[in-house]
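Colleague: Dropping in run-v4.txt, with compact mmCIF, C-alpha atoms.
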```
# COMPACT_ATOMS: atom_id res chain seq x y z
CA MET A 1 -24.23 14.21 2.08
CA ILE A 2 -25.06 12.08 -0.92
CA VAL A 3 -22.70 10.53 -3.40
CA SER A 4 -24.64 9.38 -6.44
CA ALA A 5 -25.37 11.11 -9.72
CA ARG A 6 -29.07 11.95 -9.98
CA SER A 7 -30.46 11.05 -13.35
CA ALA A 8 -32.88 13.97 -13.39
CA GLN A 9 -30.10 16.48 -12.94
CA SER A 10 -26.89 17.12 -14.81
CA VAL A 11 -24.88 17.53 -11.67
CA ILE A 12 -22.50 15.51 -9.63
CA MET A 13 -24.03 14.61 -6.35
CA ARG A 14 -22.40 15.07 -3.07
CA SER A 15 -19.97 12.29 -2.68
CA SER A 16 -19.74 8.41 -2.45
CA LEU A 17 -41.47 2.16 12.39
CA VAL A 18 -45.17 -3.98 11.74
CA SER A 19 -46.16 -0.96 14.20
CA LEU A 20 -45.18 -1.32 17.87
CA LEU A 21 -48.86 -1.38 18.71
CA ALA A 22 -49.04 -4.76 17.05
CA LEU A 23 -46.28 -5.99 19.34
CA GLY A 24 -48.20 -5.12 22.48
CA SER A 25 -48.33 -2.08 24.65
CA SER A 26 -46.13 -3.55 27.37
CA LEU A 27 -43.30 -4.24 24.95
CA PHE A 28 -43.72 -0.80 23.45
CA SER A 29 -43.48 0.76 26.89
CA SER A 30 -40.33 -1.10 27.90
CA PHE A 31 -38.58 -0.40 24.63
CA SER A 32 -39.44 3.28 24.87
CA SER A 33 -37.58 3.58 28.16
CA ALA A 34 -34.11 3.55 26.63
CA SER A 35 -33.72 7.18 27.61
CA PRO A 36 -34.12 8.65 31.09
CA LEU A 37 -35.04 12.11 29.80
CA LYS A 38 -38.18 13.18 31.64
CA VAL A 39 -40.07 16.24 30.55
CA ASP A 40 -43.67 17.36 30.29
CA ASN A 41 -44.60 15.48 27.14
CA GLU A 42 -47.99 17.08 26.67
CA PRO A 43 -48.09 19.67 23.86
CA ARG A 44 -48.16 23.16 25.30
CA SER A 45 -49.97 25.80 23.31
CA ASP A 46 -48.95 28.46 25.84
CA SER A 47 -45.17 28.07 25.48
CA TRP A 48 -42.72 27.61 22.62
CA PRO A 49 -43.01 25.86 20.19
CA PHE A 50 -46.74 26.51 20.71
CA GLY A 51 -47.57 23.09 19.37
CA PRO A 52 -48.76 20.89 18.07
CA LEU A 53 -48.25 22.19 14.54
CA VAL A 54 -50.81 21.61 11.79
CA THR A 55 -51.03 22.51 8.13
CA SER A 56 -53.51 24.86 6.49
CA GLY A 57 -53.23 24.95 2.73
CA ARG A 58 -49.69 25.99 1.90
CA ASP A 59 -48.74 26.87 5.48
CA MET A 60 -47.53 25.20 8.65
CA LYS A 61 -49.20 26.80 11.69
CA ASN A 62 -48.78 26.63 15.43
CA ALA A 63 -51.57 26.39 18.02
CA ARG A 64 -51.86 30.17 18.03
CA GLY A 65 -52.62 30.23 14.31
CA GLU A 66 -49.26 31.75 13.43
CA ASN A 67 -47.23 30.62 10.45
CA VAL A 68 -44.16 28.51 11.13
CA VAL A 69 -41.37 28.39 8.57
CA TYR A 70 -38.26 26.29 9.15
CA ALA A 71 -34.95 27.88 8.22
CA GLY A 72 -32.27 25.43 9.20
CA THR A 73 -29.51 23.00 8.54
CA ASN A 74 -28.97 19.25 8.41
CA TRP A 75 -27.18 17.64 11.36
CA PRO A 76 -26.31 14.03 10.48
CA GLY A 77 -26.60 11.26 13.06
CA HIS A 78 -27.26 8.30 10.76
CA SER A 79 -23.75 6.99 10.14
CA GLU A 80 -21.94 4.16 11.88
CA VAL A 81 -21.54 5.73 15.34
CA MET A 82 -25.28 6.51 15.28
CA ILE A 83 -25.11 9.77 17.23
CA PRO A 84 -25.03 13.33 15.87
CA ASP A 85 -21.68 14.19 14.34
CA GLY A 86 -19.11 16.66 15.67
CA LEU A 87 -19.39 16.03 19.40
CA GLN A 88 -15.74 15.07 19.75
CA TYR A 89 -14.94 18.65 18.73
CA GLN A 90 -17.67 20.77 20.34
CA SER A 91 -20.44 20.48 22.90
CA ILE A 92 -24.10 20.13 21.96
CA GLU A 93 -24.74 23.56 23.47
CA THR A 94 -22.00 25.15 21.38
CA ILE A 95 -23.25 23.64 18.11
CA VAL A 96 -26.91 24.55 18.71
CA SER A 97 -25.82 28.05 19.74
CA LYS A 98 -23.84 28.40 16.53
CA ILE A 99 -26.85 27.38 14.45
CA LYS A 100 -29.07 29.81 16.33
CA SER A 101 -26.55 32.65 15.96
CA ALA A 102 -26.94 32.56 12.18
CA GLY A 103 -30.68 33.19 12.46
CA MET A 104 -31.62 29.58 11.81
CA ASN A 105 -34.54 28.15 13.80
CA ALA A 106 -34.51 24.43 12.94
CA ILE A 107 -32.37 21.33 12.56
CA ARG A 108 -33.01 18.29 10.39
CA LEU A 109 -31.63 15.61 12.69
CA THR A 110 -30.96 12.33 10.90
CA TYR A 111 -30.94 8.78 12.25
CA ALA A 112 -30.72 5.17 11.01
CA ILE A 113 -33.32 2.43 11.53
CA GLN A 114 -30.40 0.16 12.49
CA MET A 115 -30.26 1.91 15.85
CA ILE A 116 -33.82 0.81 16.67
CA ASP A 117 -33.24 -2.67 15.25
CA GLU A 118 -30.32 -3.08 17.65
CA ILE A 119 -32.45 -1.93 20.60
CA TYR A 120 -35.01 -4.63 19.78
CA ALA A 121 -32.30 -7.23 19.34
CA ASN A 122 -30.92 -6.26 22.77
CA ASN A 123 -34.22 -6.75 24.66
CA GLY A 124 -35.07 -3.07 24.61
CA GLN A 125 -31.71 -1.78 25.79
CA ASP A 126 -29.80 0.76 23.76
CA THR A 127 -26.07 0.54 23.12
CA THR A 128 -23.73 2.83 25.02
CA VAL A 129 -21.97 5.58 23.13
CA LYS A 130 -18.67 4.15 24.34
CA ALA A 131 -19.36 0.80 22.72
CA SER A 132 -20.71 2.45 19.57
CA PHE A 133 -17.54 4.48 19.02
CA THR A 134 -15.38 1.37 19.39
CA LYS A 135 -17.55 -0.67 17.04
CA ALA A 136 -17.58 2.06 14.41
CA LEU A 137 -14.01 3.36 14.63
CA GLY A 138 -12.08 0.38 15.99
CA SER A 139 -10.34 -0.52 19.23
CA THR A 140 -7.67 2.16 18.82
CA ASN A 141 -9.46 5.20 17.43
CA GLY A 142 -12.85 4.47 18.99
CA PRO A 143 -11.80 4.98 22.63
CA LYS A 144 -9.66 7.97 21.62
CA VAL A 145 -12.53 9.80 19.92
CA TYR A 146 -14.91 8.74 22.69
CA ASN A 147 -12.67 10.40 25.28
CA GLN A 148 -12.69 13.56 23.18
CA PHE A 149 -16.49 13.34 23.10
CA LEU A 150 -16.59 13.11 26.92
CA ALA A 151 -14.20 16.03 27.31
CA LYS A 152 -16.44 18.28 25.24
CA ASN A 153 -19.68 16.92 26.74
CA PRO A 154 -18.87 16.22 30.41
CA SER A 155 -22.49 15.55 31.39
CA PHE A 156 -22.17 12.21 29.59
CA ASN A 157 -20.44 9.11 30.98
CA ASP A 158 -19.71 5.47 30.20
CA ASN A 159 -23.40 4.59 30.71
CA THR A 160 -24.68 7.16 28.25
CA THR A 161 -26.59 5.59 25.37
CA ARG A 162 -26.94 6.75 21.79
CA LEU A 163 -30.56 7.81 22.27
CA GLN A 164 -29.57 9.85 25.30
CA VAL A 165 -27.34 11.92 23.04
CA PHE A 166 -30.29 12.55 20.73
CA ASP A 167 -32.30 13.44 23.87
CA ALA A 168 -29.69 16.01 24.85
CA VAL A 169 -29.73 17.58 21.39
CA ALA A 170 -33.51 17.86 21.56
CA ALA A 171 -33.37 19.33 25.08
CA GLU A 172 -30.82 21.94 24.07
CA SER A 173 -32.86 22.75 20.99
CA LEU A 174 -35.88 23.38 23.21
CA LYS A 175 -33.80 25.63 25.46
CA GLN A 176 -32.69 27.69 22.46
CA LYS A 177 -36.05 27.55 20.65
CA VAL A 178 -34.81 25.54 17.68
CA PHE A 179 -37.34 23.22 16.03
CA VAL A 180 -36.29 19.58 15.65
CA HIS A 181 -37.27 17.77 12.46
CA LEU A 182 -36.36 14.08 12.79
CA ASP A 183 -35.31 12.47 9.53
CA ASN A 184 -35.00 8.75 8.82
CA HIS A 185 -32.03 8.94 6.52
CA MET A 186 -31.09 5.28 6.11
CA SER A 187 -31.92 1.79 7.34
CA LYS A 188 -28.31 0.61 7.61
CA ALA A 189 -26.13 3.10 9.45
CA THR A 190 -23.78 4.32 6.76
CA TRP A 191 -23.17 7.15 4.34
CA CYS A 192 -26.03 8.02 1.99
CA CYS A 193 -26.81 7.66 -0.86
CA SER A 194 -26.43 5.56 -3.96
CA THR A 195 -28.72 3.35 -6.02
CA ASN A 196 -26.54 0.35 -5.13
CA ASP A 197 -26.34 0.74 -1.35
CA GLY A 198 -29.18 -1.67 -0.48
CA ASN A 199 -31.13 1.13 1.21
CA SER A 200 -32.72 2.60 -1.89
CA TRP A 201 -36.32 1.38 -1.96
CA PHE A 202 -38.94 -0.48 0.07
CA GLY A 203 -37.83 -4.13 0.20
CA ASP A 204 -34.22 -3.47 -0.83
CA ARG A 205 -31.50 -5.59 0.82
CA ASP A 206 -31.24 -3.46 3.97
CA TYR A 207 -34.64 -1.76 3.68
CA ASN A 208 -37.01 -4.14 5.49
CA VAL A 209 -40.42 -2.44 5.45
CA GLU A 210 -41.62 -3.93 8.76
CA ASN A 211 -38.43 -2.84 10.50
CA TRP A 212 -38.79 0.58 8.93
CA THR A 213 -42.34 1.15 10.17
CA ARG A 214 -41.35 -0.26 13.56
CA GLY A 215 -38.46 2.19 13.70
CA LEU A 216 -40.60 5.14 12.68
CA SER A 217 -43.13 4.25 15.37
CA TYR A 218 -40.43 3.82 18.00
CA MET A 219 -38.83 7.19 17.30
CA ALA A 220 -42.21 8.94 17.07
CA ASN A 221 -43.14 7.56 20.50
CA HIS A 222 -39.72 8.32 21.95
CA GLY A 223 -39.99 11.84 20.55
CA LYS A 224 -42.97 12.54 22.79
CA ASN A 225 -40.26 13.40 25.34
CA TRP A 226 -38.95 16.12 23.05
CA PRO A 227 -41.14 19.25 23.09
CA ALA A 228 -38.95 20.75 20.34
CA LEU A 229 -39.84 17.83 18.01
CA THR A 230 -42.50 19.19 15.69
CA SER A 231 -42.10 17.00 12.59
CA MET A 232 -40.68 13.77 11.21
CA SER A 233 -39.83 12.50 7.76
CA LEU A 234 -40.65 9.09 6.36
CA ARG A 235 -37.48 8.45 4.40
CA ASN A 236 -34.62 10.33 2.84
CA GLU A 237 -34.09 10.20 -0.92
CA LEU A 238 -36.04 7.22 -2.21
CA ARG A 239 -34.29 6.04 -5.36
CA LYS A 240 -34.09 3.27 -7.91
CA PRO A 241 -32.70 0.05 -6.35
CA ASP A 242 -30.18 -0.78 -9.05
CA SER A 243 -28.61 -3.59 -7.02
CA ASN A 244 -31.96 -5.41 -7.18
CA PRO A 245 -33.14 -5.42 -10.83
CA THR A 246 -36.32 -7.39 -10.05
CA LEU A 247 -37.38 -5.01 -7.29
CA SER A 248 -36.51 -2.10 -9.51
CA SER A 249 -38.58 -3.24 -12.47
CA GLN A 250 -41.58 -4.47 -10.46
CA SER A 251 -41.82 -2.00 -7.58
CA TYR A 252 -39.97 1.26 -8.19
CA ASN A 253 -43.03 3.34 -9.08
CA TRP A 254 -45.58 5.76 -7.65
CA ARG A 255 -48.15 3.01 -6.97
CA ASP A 256 -45.84 1.16 -4.58
CA TRP A 257 -44.60 4.46 -3.19
CA TYR A 258 -48.15 5.27 -2.11
CA THR A 259 -48.76 1.83 -0.60
CA ASN A 260 -45.69 2.15 1.57
CA ILE A 261 -46.05 5.84 2.36
CA LYS A 262 -49.43 5.11 3.92
CA LYS A 263 -47.82 2.46 6.13
CA GLY A 264 -45.17 4.93 7.24
CA THR A 265 -47.50 7.82 7.97
CA ASN A 266 -49.80 5.53 9.97
CA ALA A 267 -46.86 4.23 11.99
CA ILE A 268 -45.83 7.75 12.98
CA ASN A 269 -49.29 9.20 13.56
CA SER A 270 -50.49 6.21 15.60
CA ALA A 271 -47.49 6.58 17.90
CA ASN A 272 -47.39 10.38 18.05
CA PRO A 273 -50.36 12.26 16.57
CA ASP A 274 -48.80 15.65 17.27
CA VAL A 275 -45.94 15.69 14.75
CA LEU A 276 -46.13 16.79 11.16
CA ILE A 277 -45.10 14.10 8.65
CA PHE A 278 -42.97 14.91 5.61
CA LEU A 279 -43.49 12.99 2.37
CA SER A 280 -40.54 12.72 -0.01
CA GLY A 281 -40.62 11.89 -3.70
CA LEU A 282 -38.73 9.73 -6.17
CA ASP A 283 -35.36 9.96 -7.88
CA PHE A 284 -33.47 11.04 -4.78
CA ASP A 285 -36.50 13.11 -3.75
CA THR A 286 -36.03 15.50 -6.63
CA TYR A 287 -39.73 15.60 -7.54
CA ILE A 288 -43.16 14.81 -6.05
CA THR A 289 -45.28 16.18 -8.89
CA PRO A 290 -47.97 13.43 -9.10
CA ILE A 291 -49.04 14.19 -5.53
CA VAL A 292 -49.29 17.91 -6.24
CA GLN A 293 -51.12 17.54 -9.53
CA GLY A 294 -53.33 14.62 -8.43
CA THR A 295 -52.38 12.49 -11.42
CA ALA A 296 -52.43 8.68 -11.58
CA LEU A 297 -49.93 6.90 -9.37
CA THR A 298 -48.58 4.74 -12.15
CA PRO A 299 -48.57 1.97 -13.18
CA GLY A 300 -51.93 1.92 -11.38
CA SER A 301 -54.80 4.36 -11.83
CA GLY A 302 -55.24 5.36 -8.19
CA LYS A 303 -54.52 8.90 -7.05
CA PHE A 304 -53.41 10.60 -3.86
CA SER A 305 -56.39 11.26 -1.58
CA THR A 306 -56.52 12.96 1.81
CA ALA A 307 -59.25 10.43 2.71
CA ASP A 308 -56.47 7.84 2.94
CA PHE A 309 -55.04 9.75 5.90
CA GLU A 310 -58.18 9.95 8.00
CA GLY A 311 -57.79 12.14 11.05
CA TYR A 312 -54.40 13.53 10.13
CA ALA A 313 -54.56 14.91 6.60
CA ASN A 314 -53.65 18.27 8.14
CA LYS A 315 -50.34 16.81 9.29
CA LEU A 316 -48.83 16.17 5.86
CA VAL A 317 -46.02 18.23 4.33
CA LEU A 318 -44.06 17.73 1.10
CA GLU A 319 -40.29 17.89 0.81
CA ILE A 320 -37.91 17.87 -2.12
CA HIS A 321 -34.15 18.14 -2.63
CA ASN A 322 -32.22 20.02 -5.26
CA TYR A 323 -28.58 19.82 -6.28
CA GLN A 324 -28.59 21.41 -9.72
CA ASN A 325 -25.30 23.03 -8.84
CA SER A 326 -24.29 23.52 -12.45
CA ALA A 327 -27.32 25.71 -13.15
CA ASN A 328 -26.49 28.82 -15.14
CA ASN A 329 -30.01 30.19 -15.64
CA CYS A 330 -32.01 31.22 -12.59
CA ASN A 331 -35.37 31.26 -14.37
CA SER A 332 -34.86 27.68 -15.49
CA LEU A 333 -33.88 26.61 -11.99
CA LYS A 334 -36.93 28.33 -10.47
CA SER A 335 -39.15 26.63 -13.05
CA SER A 336 -37.62 23.28 -12.14
CA LEU A 337 -38.26 23.86 -8.44
CA TYR A 338 -41.86 24.88 -9.15
CA ASN A 339 -42.62 21.89 -11.35
CA SER A 340 -40.89 19.47 -8.98
CA GLY A 341 -43.10 20.32 -6.00
CA PHE A 342 -43.36 23.98 -5.07
CA GLN A 343 -46.42 24.23 -7.30
CA ALA A 344 -48.32 22.91 -4.23
CA LEU A 345 -47.92 26.33 -2.63
CA HIS A 346 -50.01 27.98 -5.33
CA ALA A 347 -53.80 27.78 -5.01
CA ASP A 348 -54.04 30.06 -8.03
CA ASP A 349 -52.61 27.32 -10.27
CA SER A 350 -55.41 25.11 -11.61
CA LYS A 351 -52.96 22.23 -12.05
CA ALA A 352 -52.14 22.27 -8.33
CA VAL A 353 -54.89 19.87 -7.23
CA ASN A 354 -53.47 19.27 -3.76
CA MET A 355 -52.18 22.08 -1.57
CA PHE A 356 -49.36 21.46 0.89
CA PRO A 357 -46.54 23.25 2.61
CA VAL A 358 -43.39 22.41 0.63
CA LEU A 359 -39.86 22.53 2.00
CA LEU A 360 -36.46 22.23 0.36
CA THR A 361 -34.94 19.90 2.93
CA GLU A 362 -31.62 19.54 1.14
CA PHE A 363 -29.56 21.81 -1.06
CA GLY A 364 -25.96 22.87 -0.71
CA PHE A 365 -22.62 23.65 -2.24
CA ASP A 366 -18.89 23.75 -1.56
CA MET A 367 -18.06 26.28 1.14
CA THR A 368 -14.37 26.59 0.35
CA GLY A 369 -14.72 28.98 -2.57
CA ASN A 370 -17.21 31.49 -3.94
CA ALA A 371 -19.94 29.05 -4.99
CA TRP A 372 -22.34 30.90 -2.67
CA GLN A 373 -22.18 33.83 -5.08
CA GLY A 374 -22.97 31.71 -8.13
CA THR A 375 -26.24 31.20 -9.99
CA TYR A 376 -27.29 28.06 -8.10
CA ALA A 377 -26.86 29.36 -4.56
CA THR A 378 -28.18 32.86 -5.15
CA CYS A 379 -31.14 31.62 -7.17
CA ILE A 380 -32.13 29.04 -4.53
CA ALA A 381 -31.96 31.76 -1.88
CA SER A 382 -34.03 34.23 -3.85
CA TYR A 383 -36.65 31.57 -4.68
CA LEU A 384 -37.04 30.44 -1.07
CA ALA A 385 -37.41 34.05 0.04
CA GLU A 386 -39.99 34.76 -2.69
CA GLN A 387 -42.00 31.67 -1.77
CA LYS A 388 -41.60 32.17 1.97
CA ALA A 389 -40.73 28.48 1.97
CA GLY A 390 -38.87 26.41 4.55
CA TRP A 391 -35.45 24.91 4.01
CA PHE A 392 -32.54 22.94 5.46
CA ILE A 393 -29.10 23.46 3.94
CA TRP A 394 -26.72 20.51 3.67
CA VAL A 395 -24.83 20.56 5.97
CA VAL A 396 -23.69 21.94 9.36
CA SER A 397 -20.95 19.32 9.69
CA GLY A 398 -17.34 20.41 9.36
CA SER A 399 -16.38 16.74 9.47
CA TYR A 400 -17.80 13.28 10.14
CA TYR A 401 -16.78 10.61 12.64
CA ILE A 402 -16.59 8.35 9.58
CA ARG A 403 -17.78 8.52 6.02
CA SER A 404 -17.37 5.89 3.34
CA GLY A 405 -14.76 4.12 5.47
CA ARG A 406 -12.62 7.20 6.10
CA GLN A 407 -12.48 8.44 9.68
CA ASP A 408 -12.54 12.13 10.63
CA TYR A 409 -13.69 12.91 7.09
CA GLU A 410 -13.40 16.55 5.99
CA GLU A 411 -16.69 18.03 4.75
CA THR A 412 -16.02 20.94 2.43
CA TRP A 413 -19.76 21.53 2.02
CA GLY A 414 -20.01 22.05 5.78
CA LEU A 415 -21.07 25.36 7.26
CA LEU A 416 -18.54 24.79 10.03
CA LYS A 417 -14.80 24.17 9.87
CA HIS A 418 -13.33 20.71 10.38
CA ASP A 419 -13.24 21.11 14.19
CA TRP A 420 -16.74 22.67 14.24
CA SER A 421 -15.28 25.76 15.94
CA ASP A 422 -16.29 28.47 13.49
CA TRP A 423 -17.86 29.10 10.11
CA ARG A 424 -15.99 27.72 7.13
CA SER A 425 -17.09 30.73 5.08
CA SER A 426 -17.92 33.76 7.18
CA ALA A 427 -18.54 35.62 3.93
CA TYR A 428 -21.39 33.26 3.03
CA ILE A 429 -22.83 33.32 6.55
CA GLU A 430 -22.97 37.11 6.60
CA GLY A 431 -23.76 37.70 2.93
CA GLY A 432 -25.93 34.69 2.10
CA LEU A 433 -27.22 32.54 4.93
CA LYS A 434 -28.16 35.17 7.49
CA PRO A 435 -30.15 37.22 4.96
CA LEU A 436 -31.92 34.04 3.79
CA ALA A 437 -32.81 33.06 7.36
CA LYS A 438 -34.04 36.58 8.08
CA ALA A 439 -36.24 36.53 4.97
CA THR A 440 -37.83 33.16 5.72
CA ALA A 441 -37.68 31.98 9.35
CA GLN A 442 -40.92 32.17 11.31
CA GLY A 443 -41.86 30.67 14.67
```
Hey, can you dump this file as structure tokens for me?

Modeller:
Amino acid sequence: MIVSARSAQSVIMRSSLVSLLALGSSLFSSFSSASPLKVDNEPRSDSWPFGPLVTSGRDMKNARGENVVYAGTNWPGHSEVMIPDGLQYQSIETIVSKIKSAGMNAIRLTYAIQMIDEIYANNGQDTTVKASFTKALGSTNGPKVYNQFLAKNPSFNDNTTRLQVFDAVAAESLKQKVFVHLDNHMSKATWCCSTNDGNSWFGDRDYNVENWTRGLSYMANHGKNWPALTSMSLRNELRKPDSNPTLSSQSYNWRDWYTNIKKGTNAINSANPDVLIFLSGLDFDTYITPIVQGTALTPGSGKFSTADFEGYANKLVLEIHNYQNSANNCNSLKSSLYNSGFQALHADDSKAVNMFPVLLTEFGFDMTGNAWQGTYATCIASYLAEQKAGWFIWVVSGSYYIRSGRQDYEETWGLLKHDWSDWRSSAYIEGGLKPLAKATAQG
């Protein structure tokens, strides 16, 4: 979840890969061996997920020419422990099964660049989960929670690394036919997001661009071992770097966005040409209009061009987020969604210069009451169904290993209860989420 207020919305936000090729193929190979998972890493058009996926106008399509629409949830793995949350309470199989049981067909699995930075700093070796729990939660709670993690996931042991946990999630997702969308949420492994967290923008305190592209490339290459991996994002919620006024005034703009986005897409596609690549916008990814409308990427005069993505223009997808939870007029909210990015779905709109698939990769609300019956939640659901658009709700997590310094943090926006055992709001699952998944999910 995200903590900051978003200036474009009158709402309170959810609370406070140089490329490896440049480093040499031998180094790339050794660093990519952090996981022992061995699978057929060639895309198979004759078995699920019938990849690789491509885009065609407003649609994502598989190798059989069928539309693919993600209907899923966010599963965070970008915080201090740097593995997917909840595994001290439930097994990977149980959590993926729960997601699948609600009709969802995808997970947005988040990670931090710090994990890859640490692998490089450790001569290509990943950290064990045991050590990661202790470092993140301390010498008392770390081993305690780690033992709970082992009890629920007995296939793991003291030699299991962080990436091997991600491998297991991807393997289980393949088994249950759940698409994996890999999202770079942060550079530093910590809760996201604020404009003062040092992770806001290219060149911010913790947002080293070379490390970022290196990390994207590493994970894209590593993901070749995950047949369920069909897409990756570049970065979650780009935002104004308020803790760096000079960077903010000189670089926080669409011109520099485009310069860096091209670096990121090239890093991913060069390492793994099969995956789709999601582009996110500005202001906490609440809008990406200049790309849709083909207007000047200010303060320069250049414009988005598919020619800048030679050989993989049919791999690009747009994503936006929306947390206008205080909305009281559905038509206004739908108009906002359209103008913020979903316009790219509409070839009949003369202002939509560039056509893309568009997904709402984050939206959400408190699950402890009846917010799911309010204007915001019902309007989002009806709009996604009308547009036949993909989505990921924030968030599956009933709790986090640690968030903002507090361990075992309760997540009231979570689809699952604190111990990840059951739905927090069965009424929403049956009356809201399942119907939405049924109306949208394809593939």

Colleague: Find the spatial neighbours of region 62-67 of chain A, counting only C-alpha atoms, within a cut-off of 12 Å - ignore same-chain residues fewer than 3 positions away - and output them as an MDAnalysis selection string.

Modeller: chainID A and resid 43:59 70 179 230 274:276 315 357 388:390 440:443

Colleague: Using all atoms listed in the file, which protein or nucleic acid residues come within 10 Å of Leu174 (chain A)? Drop anything in the same chain fewer than 3 positions from it, and give the result as a PyMOL selection string.

Modeller: chain A and resi 48-49+168-171+177-180+226-229

Colleague: What is the distance between CA of Trp201 (chain A) and CA of Tyr252 (chain A), in Å to one decimal?

Modeller: 7.2 Å

Colleague: Would you mind telling me which residue in A:Gly414, A:Pro143, A:Gly223, A:Gly431 lies nearest to Tyr400 (chain A) when using only C-alpha atoms?

Modeller: A:Gly414

Colleague: What is the CA of Tyr207 (chain A) to CA of Ser187 (chain A) distance in Å?

Modeller: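 Separating CA of Tyr207 (chain A) from CA of Ser187 (chain A) is a distance of 5.8 Å.
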
Colleague: Tell me which of A:Phe356, A:Lys175, A:Thr289, A:Lys224 sits closest to Glu93 (chain A), counting all atoms listed in the file.

Modeller: A:Lys175

Colleague: To one decimal place, how far is CA of Ala371 (chain A) from CA of Lys438 (chain A) in Å?

Modeller: 20.6 Å

Colleague: Which centre and which edge lengths, in Å to one decimal, describe the axis-aligned box that holds all listed atoms of region 216-232 of chain A after 5 Å is added on each side, as JSON?

Modeller:
```
{"center_x": -41.0, "center_y": 12.3, "center_z": 18.3, "size_x": 14.3, "size_y": 26.9, "size_z": 24.1}
```

Colleague: Between A:Asn354, A:Gln373, A:Thr161, A:Gln324, single out the one closest to Ile119 (chain A), counting all atoms listed in the file.

Modeller: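 That would be A:Thr161, the residue with the smallest distance to Ile119 (chain A).
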
Colleague: Measuring between all atoms listed in the file, which one of A:Gly294, A:Gly86, A:Gly77, A:Gly341 shows the shortest distance to Lys152 (chain A)?

Modeller: A:Gly86

Colleague: Nearest residue to Tyr120 (chain A) out of A:Gly432, A:Gly215, A:Pro290, A:Pro154, using all atoms listed in the file?

Modeller: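 Ranking A:Gly432, A:Gly215, A:Pro290, A:Pro154 by distance to Tyr120 (chain A), first place goes to A:Gly215.
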
Colleague: I'd like the neighbourhood of Gly398 (chain A) as an NGL selection string, where a residue qualifies if any of its atoms comes within 12 Å (using all atoms listed in the file), though same-chain residues fewer than 6 positions away should be ignored.

Modeller: :A and (1 or 74-76 or 85-90 or 95 or 366-368 or 408-425)

Colleague: Restricting the calculation to only C-alpha atoms, which member of A:Thr265, A:Ser332, A:Thr140, A:Gln148 is positioned closest to Arg235 (chain A)?

Modeller: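 Among A:Thr265, A:Ser332, A:Thr140, A:Gln148, it is A:Thr265 that comes nearest to Arg235 (chain A).
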
Colleague: Env of Glu310 (chain A): 12 Å cut, atoms = only C-alpha atoms, seq-sep filter 4 positions within chain, self excluded. Answer as a PyMOL selection string.

Modeller: chain A and resi 262+265-266+269-270+273+305-306+314-316

Colleague: Could you name the residues that touch Ser132 (chain A) at 12 Å or less, counting all atoms listed in the file, but leaving out those on the same chain fewer than 6 positions away, as a ChimeraX atom specification?

Modeller: /A:79-83,115,118,126,138-139,141-143,145-146,158-163,189,401
